[in-house]
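Source file run_25.tsv; content: TSV, C-alpha atoms and all ligand atoms.
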```tsv
chain	number	residue	atom	x	y	z
G	260	MET	CA	-25.52	9.79	68.80
G	261	THR	CA	-21.87	9.09	69.57
G	262	ASN	CA	-19.83	9.93	72.65
G	263	ASN	CA	-19.68	13.56	71.49
G	264	THR	CA	-22.98	15.34	71.96
G	265	VAL	CA	-23.77	17.39	68.86
G	266	ARG	CA	-23.94	21.12	69.44
G	267	ASN	CA	-25.45	23.32	66.78
G	268	SER	CA	-22.81	26.04	66.59
G	269	ALA	CA	-22.45	27.34	63.04
G	270	ASP	CA	-19.14	29.03	63.89
G	271	ILE	CA	-16.07	28.09	61.86
G	272	LEU	CA	-12.49	27.89	63.12
G	273	VAL	CA	-9.58	28.02	60.65
G	274	PHE	CA	-6.14	26.66	61.53
G	275	LEU	CA	-3.68	29.30	60.29
G	276	GLN	CA	-0.38	27.66	59.40
G	277	GLN	CA	2.57	30.03	59.37
G	278	ALA	CA	6.31	29.88	58.84
G	279	ASN	CA	8.64	32.75	59.72
G	280	GLY	CA	5.66	35.04	60.22
G	281	ARG	CA	4.24	34.31	56.75
G	282	ILE	CA	0.78	32.79	56.62
G	283	HIS	CA	0.56	29.77	54.35
G	284	PRO	CA	-1.43	30.42	51.12
G	285	ASN	CA	-3.61	27.37	51.85
G	286	SER	CA	-4.68	28.95	55.18
G	287	LEU	CA	-5.46	32.23	53.42
G	288	GLU	CA	-7.66	30.35	50.95
G	289	LEU	CA	-9.47	28.71	53.89
G	290	VAL	CA	-10.25	32.09	55.46
G	291	THR	CA	-12.04	33.05	52.23
G	292	ALA	CA	-13.73	29.62	52.05
G	293	ALA	CA	-14.91	29.88	55.68
G	294	ASN	CA	-16.43	33.30	55.06
G	295	THR	CA	-18.18	31.97	51.95
G	296	LEU	CA	-19.55	29.02	53.95
G	297	ALA	CA	-20.68	31.34	56.77
G	298	GLY	CA	-22.44	33.55	54.20
G	299	GLY	CA	-25.14	35.65	55.77
G	300	SER	CA	-25.96	33.00	58.40
G	301	GLY	CA	-24.53	34.97	61.30
G	302	ALA	CA	-21.89	32.30	61.89
G	303	ARG	CA	-18.61	33.71	63.18
G	304	VAL	CA	-15.26	32.83	61.64
G	305	PHE	CA	-12.29	32.49	64.00
G	306	GLY	CA	-8.61	31.70	63.43
G	307	VAL	CA	-5.95	29.95	65.46
G	308	ALA	CA	-2.18	30.07	64.95
G	309	ALA	CA	0.91	28.87	66.83
G	310	ALA	CA	4.32	30.51	66.49
G	311	GLU	CA	7.63	30.68	68.29
G	312	THR	CA	7.19	34.43	68.72
G	313	ALA	CA	4.15	36.62	68.30
G	314	SER	CA	6.08	39.10	66.15
G	315	ALA	CA	4.57	42.43	65.20
G	316	GLY	CA	4.62	41.39	61.53
G	317	LEU	CA	2.76	38.14	62.16
G	318	LEU	CA	0.18	39.82	64.40
G	319	GLU	CA	-0.45	42.52	61.79
G	320	SER	CA	-0.91	39.89	59.04
G	321	LEU	CA	-3.36	38.01	61.28
G	322	ARG	CA	-5.23	41.15	62.28
G	323	ARG	CA	-5.93	42.00	58.64
G	324	LEU	CA	-7.60	38.67	57.89
G	325	ALA	CA	-11.36	38.52	57.45
G	326	LEU	CA	-11.84	36.90	60.86
G	327	CYS	CA	-13.71	37.94	64.01
G	328	GLU	CA	-10.96	36.87	66.41
G	329	VAL	CA	-7.63	35.05	66.24
G	330	ASP	CA	-6.06	33.02	69.06
G	331	VAL	CA	-2.25	33.00	68.86
G	332	TYR	CA	-0.29	30.46	70.92
G	333	ALA	CA	3.29	31.69	71.24
G	334	GLY	CA	6.33	29.94	72.65
G	335	GLU	CA	9.60	28.11	72.08
G	336	GLN	CA	7.82	24.80	71.53
G	337	TYR	CA	6.48	26.02	68.18
G	338	LYS	CA	9.99	26.72	66.84
G	339	ASN	CA	10.09	23.43	64.95
G	340	PHE	CA	7.06	21.72	63.54
G	341	ILE	CA	6.00	19.03	66.00
G	342	ALA	CA	2.48	17.90	65.16
G	343	GLU	CA	1.51	17.09	68.77
G	344	SER	CA	2.40	20.63	69.96
G	345	PHE	CA	0.42	22.34	67.23
G	346	SER	CA	-2.50	19.93	67.76
G	347	ALA	CA	-2.56	20.75	71.48
G	348	ALA	CA	-2.95	24.46	70.66
G	349	LEU	CA	-5.67	23.65	68.14
G	350	VAL	CA	-7.56	21.49	70.65
G	351	ASP	CA	-7.31	24.16	73.35
G	352	CYS	CA	-8.73	26.75	70.97
G	353	ALA	CA	-11.50	24.45	69.71
G	354	GLN	CA	-12.52	23.75	73.31
G	355	ARG	CA	-12.72	27.48	74.06
G	356	ARG	CA	-14.51	28.45	70.84
G	357	ARG	CA	-16.63	25.32	70.35
G	358	PRO	CA	-16.97	25.77	66.56
G	359	GLY	CA	-19.29	23.62	64.47
G	360	THR	CA	-16.63	23.36	61.76
G	361	LEU	CA	-12.85	23.29	61.84
G	362	LEU	CA	-10.88	23.80	58.60
G	363	VAL	CA	-7.22	22.84	58.23
G	364	GLY	CA	-5.05	23.06	55.10
G	365	ALA	CA	-4.18	19.70	53.54
G	366	THR	CA	-0.48	20.54	53.72
G	367	PRO	CA	1.92	17.91	55.10
G	368	GLU	CA	1.66	19.71	58.46
G	369	GLY	CA	-2.13	20.09	58.38
G	370	ARG	CA	-2.53	16.43	57.51
G	371	ALA	CA	-0.54	15.57	60.64
G	372	VAL	CA	-2.15	18.11	63.00
G	373	ALA	CA	-5.85	17.50	62.19
G	374	PRO	CA	-6.14	13.78	63.08
G	375	ILE	CA	-4.14	14.20	66.30
G	376	ALA	CA	-6.52	17.00	67.33
G	377	ALA	CA	-9.58	14.93	66.37
G	378	VAL	CA	-8.86	12.30	69.04
G	379	PRO	CA	-9.29	14.46	72.19
G	380	LEU	CA	-12.11	16.37	70.46
G	381	LYS	CA	-13.85	12.99	69.95
G	382	THR	CA	-14.63	13.62	66.31
G	383	GLY	CA	-13.41	12.54	62.89
G	384	VAL	CA	-11.56	14.13	59.97
G	385	THR	CA	-12.39	14.16	56.29
G	386	ALA	CA	-8.99	14.45	54.66
G	387	ASP	CA	-8.06	16.12	51.40
G	388	CYS	CA	-11.41	17.73	50.54
G	389	THR	CA	-11.75	19.29	47.11
G	390	ALA	CA	-15.16	20.94	47.68
G	391	LEU	CA	-17.12	22.14	50.72
G	392	ALA	CA	-20.69	23.29	51.24
G	393	ILE	CA	-23.10	23.61	54.17
G	394	ASP	CA	-26.63	22.25	53.90
G	395	GLU	CA	-29.71	23.86	55.37
G	396	GLY	CA	-29.31	21.82	58.57
G	397	GLY	CA	-25.76	23.05	59.16
G	398	LEU	CA	-24.07	19.84	58.03
G	399	LEU	CA	-20.74	20.35	56.33
G	400	LEU	CA	-20.74	18.54	52.97
G	401	GLN	CA	-17.14	17.41	52.54
G	402	THR	CA	-16.36	16.23	49.03
G	403	ARG	CA	-13.18	14.37	48.11
G	404	PRO	CA	-11.99	11.85	45.53
G	405	ALA	CA	-12.39	8.23	46.61
G	406	TYR	CA	-11.48	4.80	45.23
G	407	GLY	CA	-8.24	6.02	43.69
G	408	GLY	CA	-9.93	9.10	42.23
G	409	ASP	CA	-12.59	7.18	40.30
G	410	ILE	CA	-15.52	8.75	42.17
G	411	MET	CA	-16.18	11.89	44.19
G	412	ALA	CA	-17.61	11.08	47.64
G	413	THR	CA	-19.50	13.59	49.80
G	414	ILE	CA	-18.98	12.85	53.47
G	415	VAL	CA	-20.93	14.25	56.42
G	416	THR	CA	-20.28	14.17	60.16
G	417	PRO	CA	-23.78	14.09	61.67
G	418	ALA	CA	-22.93	12.84	65.16
G	419	ALA	CA	-19.88	14.80	66.32
G	420	ARG	CA	-18.57	18.35	66.48
G	421	PRO	CA	-16.50	20.01	65.26
G	422	GLN	CA	-16.76	18.72	61.72
G	423	ILE	CA	-13.07	18.68	60.75
G	424	ALA	CA	-11.97	18.85	57.13
G	425	THR	CA	-8.51	19.19	55.67
G	426	VAL	CA	-8.72	21.03	52.35
G	427	ARG	CA	-6.34	20.96	49.43
G	428	GLN	CA	-4.48	24.02	48.29
G	429	GLY	CA	-5.69	25.70	45.12
G	430	ILE	CA	-9.33	24.68	45.50
G	431	PHE	CA	-10.54	28.04	46.80
G	432	THR	CA	-9.27	31.42	45.65
G	433	HIS	CA	-7.97	33.71	48.36
G	434	LYS	CA	-9.63	37.12	48.21
G	435	PRO	CA	-7.40	39.61	50.05
G	436	SER	CA	-9.37	41.43	52.72
G	437	CYS	CA	-8.92	44.34	55.05
G	438	GLY	CA	-10.31	42.85	58.23
G	439	ASN	CA	-9.73	43.95	61.79
G	440	ALA	CA	-9.55	40.72	63.76
G	441	LEU	CA	-9.24	40.86	67.52
G	442	ILE	CA	-6.02	39.07	68.58
G	443	HIS	CA	-5.64	37.05	71.79
G	444	ILE	CA	-2.17	35.80	72.74
G	445	HIS	CA	-1.95	32.63	74.82
G	446	GLU	CA	0.76	30.71	76.61
G	447	PRO	CA	1.81	27.48	74.83
G	448	VAL	CA	-0.23	24.37	75.61
G	449	LEU	CA	1.67	21.23	76.49
G	450	PRO	CA	0.61	18.14	74.56
G	451	LYS	CA	-0.89	15.39	76.75
G	452	VAL	CA	1.43	12.83	75.16
G	453	PHE	CA	4.85	14.38	74.82
G	454	PRO	CA	6.28	13.59	71.39
G	455	LEU	CA	9.73	12.26	70.62
G	456	PRO	CA	11.99	15.02	69.30
G	457	ARG	CA	11.90	15.27	65.54
G	458	VAL	CA	13.27	17.92	63.20
G	459	VAL	CA	10.80	18.51	60.43
G	460	ASN	CA	10.99	22.28	60.18
G	461	LYS	CA	12.55	21.94	56.73
G	462	GLN	CA	9.32	20.45	55.43
G	463	MET	CA	7.33	23.33	56.90
G	464	GLU	CA	9.48	25.78	54.95
G	465	ASP	CA	9.13	23.71	51.79
G	466	ALA	CA	5.38	23.77	52.12
G	467	ALA	CA	5.32	27.53	52.65
G	468	ASP	CA	7.29	27.95	49.43
G	469	ALA	CA	4.56	26.36	47.31
G	470	PRO	CA	3.58	28.72	44.51
G	471	GLU	CA	0.46	30.75	45.10
G	472	SER	CA	0.10	31.25	41.37
G	473	GLY	CA	2.65	31.76	38.66
G	474	ILE	CA	4.41	28.96	36.87
G	475	VAL	CA	4.79	25.28	37.71
G	476	VAL	CA	7.08	22.95	35.78
G	477	ALA	CA	6.14	19.30	36.33
G	478	VAL	CA	8.22	16.31	35.29
G	479	GLY	CA	6.99	12.71	35.03
G	480	GLY	CA	7.78	9.16	34.12
G	481	GLY	CA	9.23	10.17	30.75
G	482	LEU	CA	12.43	11.16	32.57
G	483	ARG	CA	15.08	8.54	31.79
G	484	LYS	CA	17.47	8.99	34.71
G	485	LYS	CA	17.80	11.04	37.89
G	486	GLU	CA	20.75	13.11	36.58
G	487	ASP	CA	18.49	14.41	33.80
G	488	LEU	CA	16.48	16.31	36.41
G	489	GLU	CA	19.15	19.01	36.21
G	490	LEU	CA	17.94	19.88	32.69
G	491	PHE	CA	14.39	20.41	33.99
G	492	PHE	CA	15.57	22.41	37.00
G	493	ALA	CA	17.32	24.61	34.40
G	494	VAL	CA	14.06	24.93	32.42
G	495	ASN	CA	12.30	25.82	35.64
G	496	ARG	CA	14.87	28.51	36.44
G	497	ALA	CA	14.55	29.88	32.89
G	498	LEU	CA	10.76	30.11	33.26
G	499	GLY	CA	10.93	31.40	36.84
G	500	GLY	CA	8.65	28.71	38.29
G	501	GLU	CA	8.58	25.92	40.89
G	502	LEU	CA	9.49	22.35	39.95
G	503	PHE	CA	7.10	19.54	40.88
G	504	CYS	CA	6.60	15.97	39.60
G	505	SER	CA	4.18	13.10	39.18
G	506	ARG	CA	4.23	10.14	41.55
G	507	SER	CA	6.46	8.18	39.15
G	508	LEU	CA	9.51	10.21	40.17
G	509	VAL	CA	8.70	10.01	43.90
G	510	GLU	CA	8.36	6.22	43.63
G	511	ARG	CA	11.78	6.09	41.95
G	512	GLY	CA	13.18	8.14	44.86
G	513	TRP	CA	14.29	10.96	42.54
G	514	LEU	CA	12.26	13.76	44.17
G	515	PRO	CA	10.70	14.06	47.67
G	516	HIS	CA	7.00	13.56	48.29
G	517	VAL	CA	6.49	17.29	49.04
G	518	ARG	CA	7.13	17.82	45.31
G	519	GLN	CA	4.44	15.35	44.17
G	520	ILE	CA	1.31	16.69	42.48
G	521	GLY	CA	-1.89	14.64	42.62
G	522	LEU	CA	-4.37	12.73	44.68
G	523	SER	CA	-1.82	11.45	47.19
G	524	GLY	CA	0.39	14.52	46.80
G	525	ARG	CA	-0.48	18.19	46.70
G	526	SER	CA	-2.69	20.41	44.58
G	527	VAL	CA	-1.26	23.30	42.60
G	528	ALA	CA	-3.17	26.17	41.01
G	529	PRO	CA	-0.67	27.96	38.78
G	530	ARG	CA	-1.31	30.45	36.02
G	531	LEU	CA	0.69	28.13	33.76
G	532	LEU	CA	1.57	24.45	34.17
G	533	VAL	CA	4.26	23.09	31.86
G	534	ALA	CA	4.25	19.28	32.08
G	535	PHE	CA	7.05	17.13	30.63
G	536	GLY	CA	6.56	13.39	30.09
G	537	ILE	CA	3.41	13.03	32.19
G	538	SER	CA	0.64	10.76	30.90
G	539	GLY	CA	-2.18	12.38	32.90
G	540	SER	CA	-3.63	9.73	35.21
G	541	VAL	CA	-6.87	10.52	37.06
G	542	GLN	CA	-4.77	10.77	40.22
G	543	PHE	CA	-2.48	13.39	38.65
G	544	PHE	CA	-5.48	15.36	37.33
G	545	ALA	CA	-6.83	15.56	40.91
G	546	GLY	CA	-3.92	17.84	41.76
G	547	ILE	CA	-4.13	20.28	38.84
G	548	GLN	CA	-7.81	21.20	38.83
G	549	GLY	CA	-6.96	24.83	39.60
G	550	ALA	CA	-4.35	25.22	36.82
G	551	ARG	CA	-5.42	27.96	34.41
G	552	ARG	CA	-3.38	26.95	31.33
G	553	VAL	CA	-1.63	23.66	30.68
G	554	PHE	CA	1.22	23.08	28.24
G	555	ALA	CA	2.01	19.36	27.93
G	556	VAL	CA	5.01	17.81	26.20
G	557	ASN	CA	4.71	14.13	25.31
G	558	THR	CA	5.78	11.79	22.51
G	559	ASP	CA	2.32	10.20	22.71
G	560	GLU	CA	-0.35	12.57	21.40
G	561	SER	CA	-3.11	10.34	22.76
G	562	ALA	CA	-1.97	10.64	26.42
G	563	PRO	CA	-4.88	11.99	28.53
G	564	LEU	CA	-2.95	15.10	29.60
G	565	MET	CA	-2.20	15.89	25.94
G	566	ARG	CA	-5.89	15.65	25.10
G	567	ALA	CA	-6.81	17.95	27.99
G	568	ALA	CA	-3.97	20.48	27.56
G	569	ASP	CA	-4.51	23.98	26.18
G	570	CYS	CA	-1.25	23.55	24.29
G	571	PRO	CA	-0.21	19.94	23.59
G	572	ILE	CA	3.31	19.68	22.16
G	573	VAL	CA	4.03	16.32	20.51
G	574	GLY	CA	7.73	15.71	20.87
G	575	ASP	CA	10.66	14.60	22.93
G	576	MET	CA	10.72	16.33	26.32
G	577	TYR	CA	14.52	16.59	26.24
G	578	ALA	CA	14.53	18.35	22.86
G	579	VAL	CA	11.75	20.75	23.95
G	580	ALA	CA	13.59	21.49	27.22
G	581	ASP	CA	16.81	22.28	25.29
G	582	GLU	CA	14.85	24.56	22.96
G	583	ILE	CA	13.21	26.47	25.87
G	584	ILE	CA	16.62	27.07	27.44
G	585	ALA	CA	18.12	28.14	24.10
G	586	GLN	CA	15.22	30.55	23.43
G	587	THR	CA	15.32	32.13	26.90
G	588	THR	CA	19.12	32.47	26.76
G	589	ARG	CA	18.85	34.22	23.37
G	590	SER	CA	16.06	36.56	24.50
G	591	GLY	CA	17.49	37.20	27.98
G	601	LIG	C1	-4.29	5.52	45.22
G	601	LIG	C2	-3.37	6.09	44.18
G	601	LIG	C3	-2.92	7.38	44.35
G	601	LIG	C4	-2.06	7.95	43.40
G	601	LIG	N1	-1.65	9.24	43.57
G	601	LIG	C5	-0.93	9.82	42.60
G	601	LIG	C6	-0.54	11.20	42.72
G	601	LIG	O1	-0.82	11.87	43.70
G	601	LIG	N2	0.16	11.74	41.70
G	601	LIG	C7	0.52	11.03	40.57
G	601	LIG	O2	1.16	11.61	39.68
G	601	LIG	N3	0.18	9.74	40.47
G	601	LIG	C8	-0.50	9.12	41.45
G	601	LIG	N4	-0.82	7.81	41.34
G	601	LIG	C9	-0.17	7.04	40.23
G	601	LIG	C10	-0.87	7.19	38.89
G	601	LIG	O3	-1.86	6.21	38.76
G	601	LIG	C11	0.14	7.05	37.73
G	601	LIG	O4	0.83	5.83	37.86
G	601	LIG	C12	1.15	8.19	37.65
G	601	LIG	O5	0.50	9.43	37.69
G	601	LIG	C13	1.95	8.06	36.36
G	601	LIG	O6	2.89	9.10	36.29
G	601	LIG	P1	3.41	9.62	34.90
G	601	LIG	O7	2.29	9.98	34.00
G	601	LIG	O8	4.43	10.66	35.15
G	601	LIG	O9	4.22	8.35	34.35
G	601	LIG	P2	3.88	7.33	33.18
G	601	LIG	O10	2.51	6.78	33.31
G	601	LIG	O11	5.03	6.39	33.16
G	601	LIG	O12	3.89	8.22	31.87
G	601	LIG	C14	5.06	8.72	31.30
G	601	LIG	C15	4.66	9.54	30.09
G	601	LIG	O13	5.84	10.09	29.54
G	601	LIG	C16	5.77	9.99	28.12
G	601	LIG	N5	7.14	9.97	27.61
G	601	LIG	C17	8.06	8.97	27.69
G	601	LIG	N6	9.23	9.37	27.16
G	601	LIG	C18	9.07	10.65	26.75
G	601	LIG	C19	9.91	11.63	26.12
G	601	LIG	N7	11.18	11.37	25.83
G	601	LIG	N8	9.40	12.82	25.85
G	601	LIG	C20	8.11	13.12	26.11
G	601	LIG	N9	7.25	12.24	26.70
G	601	LIG	C21	7.73	11.04	27.03
G	601	LIG	C22	5.00	8.72	27.85
G	601	LIG	O14	4.40	8.75	26.56
G	601	LIG	C23	3.97	8.73	28.99
G	601	LIG	O15	2.78	9.38	28.58
G	601	LIG	C24	-1.66	7.20	42.27
G	601	LIG	C25	-2.12	5.90	42.11
G	601	LIG	C26	-2.97	5.36	43.06
G	601	LIG	C27	-3.46	3.95	42.85
```
Written as structure tokens, how would this file's structure read?
Ligand SMILES: Cc1cc2nc3c(=O)[nH]c(=O)nc-3n(C[C@H](O)[C@H](O)[C@H](O)COP(=O)(O)OP(=O)(O)OC[C@H]3O[C@@H](n4cnc5c(N)ncnc54)[C@H](O)[C@@H]3O)c2cc1C
Amino acid sequence: MTNNTVRNSADILVFLQQANGRIHPNSLELVTAANTLAGGSGARVFGVAAAETASAGLLESLRRLALCEVDVYAGEQYKNFIAESFSAALVDCAQRRRPGTLLVGATPEGRAVAPIAAVPLKTGVTADCTALAIDEGGLLLQTRPAYGGDIMATIVTPAARPQIATVRQGIFTHKPSCGNALIHIHEPVLPKVFPLPRVVNKQMEDAADAPESGIVVAVGGGLRKKEDLELFFAVNRALGGELFCSRSLVERGWLPHVRQIGLSGRSVAPRLLVAFGISGSVQFFAGIQGARRVFAVNTDESAPLMRAADCPIVGDMYAVADEIIAQTTRSG
């Protein structure tokens, strides 16, 4: 037994990330996941959100979620994303609700909030889970890739509560619900350690813009120079998708980390993924498990992504990109 006495609550608390009153798709997926985990066990599923203003639109969106109750912390200090402020709200809620499990989206914000909250709660965090289950004893089985994606490890937290997991986007499917959650509005909670001012709201908006489904165009190491990205942004506009990349382009400093797909980036679950010049490392595959159809363009037909793709196109990514733009211009 550690310094946190284990309580046997089966209740689940979901951190509901929002930007401009819109609930992040990853949080919506976690509401569905939490209800699946709770099953018929009688466990209650709660939500917690923090926002600059408790607008009528936000409250209505929260009320409709399949949750018993939602705690909303509202105040000026949640205007910009400051991890310590959001963590303080999360901790306050977890101490009131005393859940056995706490689920947080593995967004850039969730990855910052969860470990800061874990410290005062005297528990740990399993980051970037790709599967969750609950065993007959109430232990949360938290599965995630380990050793660079070579194995899947299942991690348990037997000696502390809540069991905190951050969960990747696109792992669970959000099932829209017509719930009637009870809303409680709270004053903001001041963090114990006041953070240095930082402006990271831009990243919050970026994260909220991640595609829920639809089309993702991904560009990889086959790109010859940064200026050539413009061609693939044009392809992306022609297809009406969102442009992401493999780690190669982030390492070259050509695109920001929020655009990286994969084990150390984000997961995407589009209807269609169109990948240009990406080999298909195990780490990249970790981020596209939820993709329904994959088109891959590569000069090397033996690249792993080509072998796994529904539609492998052997050819030069630049020529294929030009052709897509020409075709869409002709038909549009
Ligand atoms: C702990 C750890 C975590 C990692 N996390 C991630 C992660 O989150 N995401 C990630 O992507 N990687 C990650 N990596 C890196 C990963 O191992 C690979 O190095 C990376 O995915 C390679 O990216 P790539 O396939 O785009 O580039 P490359 O391996 O360089 O492949 C480029 C591909 O482009 C093709 N090509 C070249 N020219 C053309 C052309 N003109 N037309 C068409 N095709 C062309 C080549 O045939 C090749 O297949 C991680 C590695 C480690 C160790």
Please write out the residues within 6 Å of ligand LIG 601 (chain G) as number ranges by chain, counting all atoms listed in the file. G: 407, 479-481, 505-507, 520-524, 536-540, 542-543, 556-559, 562, 574-576
8 Å contact set for G:Pro435, all atoms listed in the file, chain neighbours under 2 positions out, as a list in words: Leu324, His433 and Cys437 of chain G
If I take atom CA of G:Pro367 and atom CA of G:Val517, how far is one from the other in Å, to one decimal?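 According to the coordinates, atom CA of G:Pro367 and atom CA of G:Val517 are separated by 7.6 Å.
Taking all atoms listed in the file into account, G:Thr413 lies nearest to G:Ile393 out of the set G:Leu564, G:Ile393, G:Ala348, G:Ile430.
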Counting all atoms listed in the file, note down every residue that has an atom within 10 Å of the point (-10.6, 22.6, 64.8) (file coordinates), as JSON, numbers by chain. {"G": [271, 272, 273, 274, 306, 307, 346, 348, 349, 350, 351, 352, 353, 354, 356, 357, 358, 359, 360, 361, 362, 363, 372, 373, 376, 377, 380, 382, 384, 420, 421, 422, 423, 424, 425]}
Counting only C-alpha atoms, give me one row per residue of stretch 385-461 of chain G with an atom at most 8 Å from an atom of stretch 309-322 of chain G, showing the shortest contact pair and its distance in Å to one decimal, sorted by chain then residue number, as CSV.
```
residue,atom,partner,partner_atom,distance
G:Gly438,CA,G:Arg322,CA,6.7
G:Asn439,CA,G:Arg322,CA,5.3
G:Ala440,CA,G:Arg322,CA,4.6
G:Leu441,CA,G:Arg322,CA,6.6
G:Ile442,CA,G:Arg322,CA,6.7
G:Ile444,CA,G:Ala313,CA,7.8
```
What separates atom CA of G:Leu398 and atom CA of G:His283 is a distance of 26.8 Å
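As for atom CA of G:Thr416 and atom CA of G:Val378, they are spaced 14.6 Å apart.
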Near stretch 335-340 of chain G, 10 Å: stretch 422-453 of chain G residue rows, closest pairs, all atoms listed in the file, as a tab-separated table:
```
residue	atom	partner	partner_atom	distance
G:Pro447	CA	G:Gln336	CA	7.4
G:Val448	CA	G:Gln336	CA	9.0
G:Leu449	CA	G:Gln336	CA	8.7
```
Deliver the residues from the most recent selection as a file, using C-alpha atoms, as a PDB file, in the frame of the given file.
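What ended up in result.pdb:
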```pdb
ATOM      1  CA  PRO G 447       1.810  27.480  74.830  1.00  0.00           C
ATOM      2  CA  VAL G 448      -0.230  24.370  75.610  1.00  0.00           C
ATOM      3  CA  LEU G 449       1.670  21.230  76.490  1.00  0.00           C
TER       4      LEU G 449
END
```
Quick one: residues within 9 Å of (-3.8, 29.0, 38.1) (file frame), counting all atoms listed in the file, please, as a PyMOL selection string. chain G and resi 429+471-474+527-532+547-552
Proximity to G:Met411 - best of G:Thr389, G:Gln428, G:Asn294, G:Gln277, all atoms listed in the file: G:Thr389
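Using only C-alpha atoms, the smallest distance between any of G:Gly383, G:Ala567, G:Phe503, G:Glu560 and G:Phe544 comes from G:Ala567.
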Counting all atoms listed in the file, the residue of G:Ala534, G:Leu498, G:Val426, G:Val478 that sits nearest G:Gln519: G:Val478
For G:Leu275, the nearest of the candidates G:Ser561, G:Ser590, G:Ser436, G:Thr366, counting all atoms listed in the file: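 Of the candidates, the smallest distance to G:Leu275 is held by G:Thr366.
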